[in-house]
Structures are given as C-alpha cells and as structure tokens.
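Q: My questions all concern the structure below.
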Amino acid sequence: MVATWLAGVVAAVGLGAVSPAGSALRSSLGLSAGELAWATSSITAVSAVLGVPAGWWIRRLGAHRALSWGLFVMSVATVTSATAGSWGLLLGSRVAEGVGYLLVFVAGPVVLTRMTQGGIRSAALALWGTCVPMGLAIAAATGGLLASQWTWNRWLALTALGPLIMAGVLTAVLPRLPRTPVQNPHRGAGTWNGALRLGAAYGSLSLVGVGAVMVLPLFLIERREVTPTVAGTVVALVCLGSAVGGLAASWLLRRGWALSSLVPLGVLMPVACLPAFSAEFPLAVSGGAATLVLLIDGLLISAVFAAVPAAVSRAEHVDVANGILNQLGSVGILMGPPVFGLAIAAAGWGAVAAATLVFGGLGTVLLLTGARTSATGTADGVSRSLDAQDGVDVGEGSEPLRKAPDVRKPNRNRI
C-alpha cells in the first residue's frame with residue numbers, strides 16, 4: 001500500500017517538475033510564456049481528454065501492470081524532455097509523460113481498492129488524494145533549491161529516477177491482481193451516476209484549489225506588495241495545507257468517521273476566502289486563511305476518492321469510475337485559473353470568495369450525494385462488495401456479494 005502511494009507521489013513530482021525550471025527553460029529554448037504554459041499543463045490535458053478510455057483500457061490490461069508501465073513511460077518521457085532542444089520535442093515528450101501519468105492515477109486507486117478492505121480501504125483511498133499536493137510540494141521545494149545550482153536538463157533527468165525506481169519496486173512487490181473480466185457490455189442508464197457525481201465533485205473542488213493557488217501570488221504581490229520570494233514561501237505553505245487535509249481525512253476515516261460527516265466542512269472555504277484575499281488583515285492571518293481553504297479542499301478531495309468503491313454497482317466498474325474521476329478532475333484543474341481570473345477581472349478580489357462559494361458548494365453537494373450512496377449502496381439498489389475475490393464476475397440473478405459496511409455508523413475499533 002505504501003509503495004502504491006509513493007508511486008502516486010513520484011508521478012505528481014513529474015507533474016510539477018517544469019515550473020521550478022521555467023525561467024531556465026524559456027531562456028534556453030526561447031519559449032514564450034504561452035509555450036511554457038502548454039509544456040506545463042499538457043500532462044493534465046491528456047487526462048482531461050483520455051481519462052475514461054484509460055479506465056476501459058486498464059480494465060483489460062490489469063491495474064498492477066498499468067501502474068508499473070505508467071511509471072516506466074513517465075521515466076522514459078522525462079529523459080526525452082531533459083534532452084529536448086526545441087519546444088516541439090519538449091511538448092511531445094510532456095504529452096507522452098501525461099499518458100504515463102494518467103495510467104498511474106487511474107490504476108493506483110484501483111490497486112489500493114483491491115488490496116484493502118473496510119475502514120483501511122477508505123483510509124488508503126483518502127491517503128491517495130494527498131499524492132498530488134505532496135508531489136507538487138516536493139517538486140517546488142527540491143526544484144527551487146537546485147534551480148541556482150543545476151541546469152534544467154539535470155533537474156528533469158533527476159525527476160526521471162523516481163518513476164523508474166518505483167516501477168521496479170512495484171514489479172517486485174505488488175501482487176499480480178487478476179484482470180477484470182469484460183462481460184455483459186450493456187450498461188443500464190444509471191450505472192455510472194454515482195461515479196459521474198463524484199467526478200463532477202472532484203472537478204469542482206480541483207477548480208477551486210488550483211484556481212485559488214494560481215491567483216494567490218498575484219494578489220500577494222500586487223495588493224499586499226510583498227516580494228516574489230515572500231509570495232512564493234506563502235504559496236508553498238498554503239499548498240501543503242492540501243496535503244495535510246488529505247492526511248486528516250485518511251486518519252478520520254480509518255477511525256470510523258462517516259464520509260458524510262466530513263462534507264459540511266466545505267462551508268468554511270468561501271468564508272476563509274474573505275480574509276485570505278483581503279488586504280485589511282495581517283499577512284499571517286491571510287496566509288492562515290488561505291491555508292485553511294486548501295486544507296478543507298484537500299480533505300474533501302480525499303473523501304471523493306474514498307467514496308468511489310461504494311458508488312459503483314459492480315466491483316469491475318472501479319477501473320472506469322477512476323477514469324471518470326481523473327477526466328473530470330483534470331477538466332477542473334485546467335478551468336480553475338481562467339475561471340478565477342475572469343471572476344477577478346469582472347468583480348475584483350472579492351470574487352474569489354464568490355467563485356469558491358459557487359464551485360466549492362457544487363462540489364460539496366455532489367460529494368454529499370456520493371457519500372450517501374456509499375453509505376446505503378448504489379443508487380439503483382445493487383450492493384456489491386469489493387471485499388470479495390477479485391476477478392469473479394457476478395452475473396444477473398447471482399447471489400449478491402457481501403454488503404459493504406455502513407459508513408454512517410462510526411466504528412471506533414482500532415484497525
């Protein structure tokens with residue numbers, strides 16, 4: 001389980017690897033700001049387009065194979081990025097890296113789902129939600145430290161080692177999970193309702209988190225008149241709040257807290273945005289409020305991942321459900337900065353709280369319906385437990401698998 005989580009972290013390091021080397025890349029390759037932005041965001045663009053097809057493909061390939069191969073593809077593509085002499089080659093290698101990244105982030109939760117049970121499963125999936133903020137924080141801290149000492153080529157080459165090492169480790173230690181049987185291709189109209197609700201919740205919450213982080217440096221420099229160094233430090237600390245929120249969700253769920261009991265915390269996000277994006281408060285207060293926004297956002301995103309297994313009608317649907325999650329989440333990540341930017345341009349910095357209220361509220365409501373589904377079984381009344389042996393297909397009319405535990409009733413027993 002730990003090795004799978006580390007795989008997600010090193011993959012997320014690759015997601016954030018270009019930003020610390022951005023200035024050097026622009027100077028070396030003669031890139032415009034737009035070209036650098038495309039090189040940075042092309043990884044998530046792949047997920048925004050191919051998330052659902054990746055879920056179907058992983059269902060046939062096998063999650064453990066997809067996880068290892070995704071890491072290997074990321075490593076090879078990153079080495080190509082490190083040797084790129086033009087924007088075209090850099091962009092192409094980042095797109096290839098995005099394919100590997102997509103495989104990792106669709107297959108990782110599937111592997112965790114099939115290796116764990118009960119409360120530990122919810123905690124493990126919530127912990128998976130911390131991979132991206134943890135990886136981005138590592139990339140920012142390490143890349144920033146090495147930026148003045150290393151060339152961008154050496155930095156990108158270094159980030160290729162993590163996925164390569166983890167691909168070897170997972171090949172050695174990960175049990176060979178059986179492929180999901182592909183039977184009964186016809187799907188009822190309500191089959192994916194739960195996954196779509198959770199995917200839309202993930203997209204809305206990702207939009208809020210990424211949007212707030214992206215506009216925060218501009219606010220700090222223009223309105224608070226701090227130096228770029230101070231702004232960068234504040235933003236780094238704020239980003240760590242998301243990882244802390246995910247860890248908190250994992251800790252609470254492992255101790256028997258219901259998913260639905262975490263959702264009401266979402267009301268704190270728009271409230272905290274008011275002091276976070278106001279020059280009337282001391283910088284420490286604004287920074288703390290912004291950290292609270294990201295902490296709650298990270299907690300709710302982790303709750304989304306924990307809700308997935310019980311929101312699908314059949315065990316073999318988890319692969320595609322995670323593809324839906326990643327596709328809609330990536331759409332939210334891509335939309336976050338422009339949506340918040342347009343809101344600020346139209347109504348000033350107070351619009352950050354309004355945008356957070358709208359999209360954070362939407363994500364919270366969708367997550368609440370998903371959490372209720374997780375507590376009572378799927379929306380169409382079919383209860384399928386993933387605790388049963390993987391790879392066993394349950395046909396129509398077969399005896400239902402053991403019902404998943406009711407997360408509405410806290411279990412205080414230590415695991």
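Chains: A, B, ... in order of the structure tokens. Residues: from 1 per chain. Ligands: from 1, in order shown.
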Skipping near chain neighbours, those fewer than 2 positions away, what residues fall within 7 Å of Gly70 of chain A using only C-alpha atoms, listed as a list of chain:residue names?

A: A:Ala66, A:Leu67, A:Ser68, A:Phe72, A:Val73, A:Met74, A:Gly100, A:Tyr101, A:Leu103, A:Val104

Q: Which of these residues is nearest to Gly30 of chain A, using only C-alpha atoms: A:Ser302, A:Ser86, A:Thr227, A:Thr291?

A: A:Ser86

Q: Go through A:Leu145, A:Asn322, A:Ala45, A:Ala307 one by one, measure the shortest atom-to-atom distance of each to Gly118 of chain A using only C-alpha atoms, and give the residue with the smallest value.

A: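 Once distances to Gly118 of chain A are computed over only C-alpha atoms, the minimum belongs to A:Ala307.
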
Q: Output as JSON lines one row per residue of segment 296-325 of chain A within 12 Å of segment 126-132 of chain A: the closest atom pair and its distance in Å to one decimal place, counting only C-alpha atoms, sorted by chain and residue number ascending.

A:
```
{"residue": "A:Asp297", "atom": "CA", "partner": "A:Gly129", "partner_atom": "CA", "distance": 10.6}
{"residue": "A:Gly298", "atom": "CA", "partner": "A:Thr130", "partner_atom": "CA", "distance": 7.2}
{"residue": "A:Leu299", "atom": "CA", "partner": "A:Ala126", "partner_atom": "CA", "distance": 8.1}
{"residue": "A:Leu300", "atom": "CA", "partner": "A:Ala126", "partner_atom": "CA", "distance": 9.0}
{"residue": "A:Ile301", "atom": "CA", "partner": "A:Gly129", "partner_atom": "CA", "distance": 6.2}
{"residue": "A:Ser302", "atom": "CA", "partner": "A:Ala126", "partner_atom": "CA", "distance": 4.2}
{"residue": "A:Ala303", "atom": "CA", "partner": "A:Ala126", "partner_atom": "CA", "distance": 5.7}
{"residue": "A:Val304", "atom": "CA", "partner": "A:Ala126", "partner_atom": "CA", "distance": 7.7}
{"residue": "A:Phe305", "atom": "CA", "partner": "A:Ala126", "partner_atom": "CA", "distance": 5.8}
{"residue": "A:Ala306", "atom": "CA", "partner": "A:Ala126", "partner_atom": "CA", "distance": 5.2}
{"residue": "A:Ala307", "atom": "CA", "partner": "A:Ala126", "partner_atom": "CA", "distance": 8.8}
{"residue": "A:Val308", "atom": "CA", "partner": "A:Ala126", "partner_atom": "CA", "distance": 10.4}
{"residue": "A:Pro309", "atom": "CA", "partner": "A:Ala126", "partner_atom": "CA", "distance": 11.8}
{"residue": "A:Leu325", "atom": "CA", "partner": "A:Gly129", "partner_atom": "CA", "distance": 11.7}
```
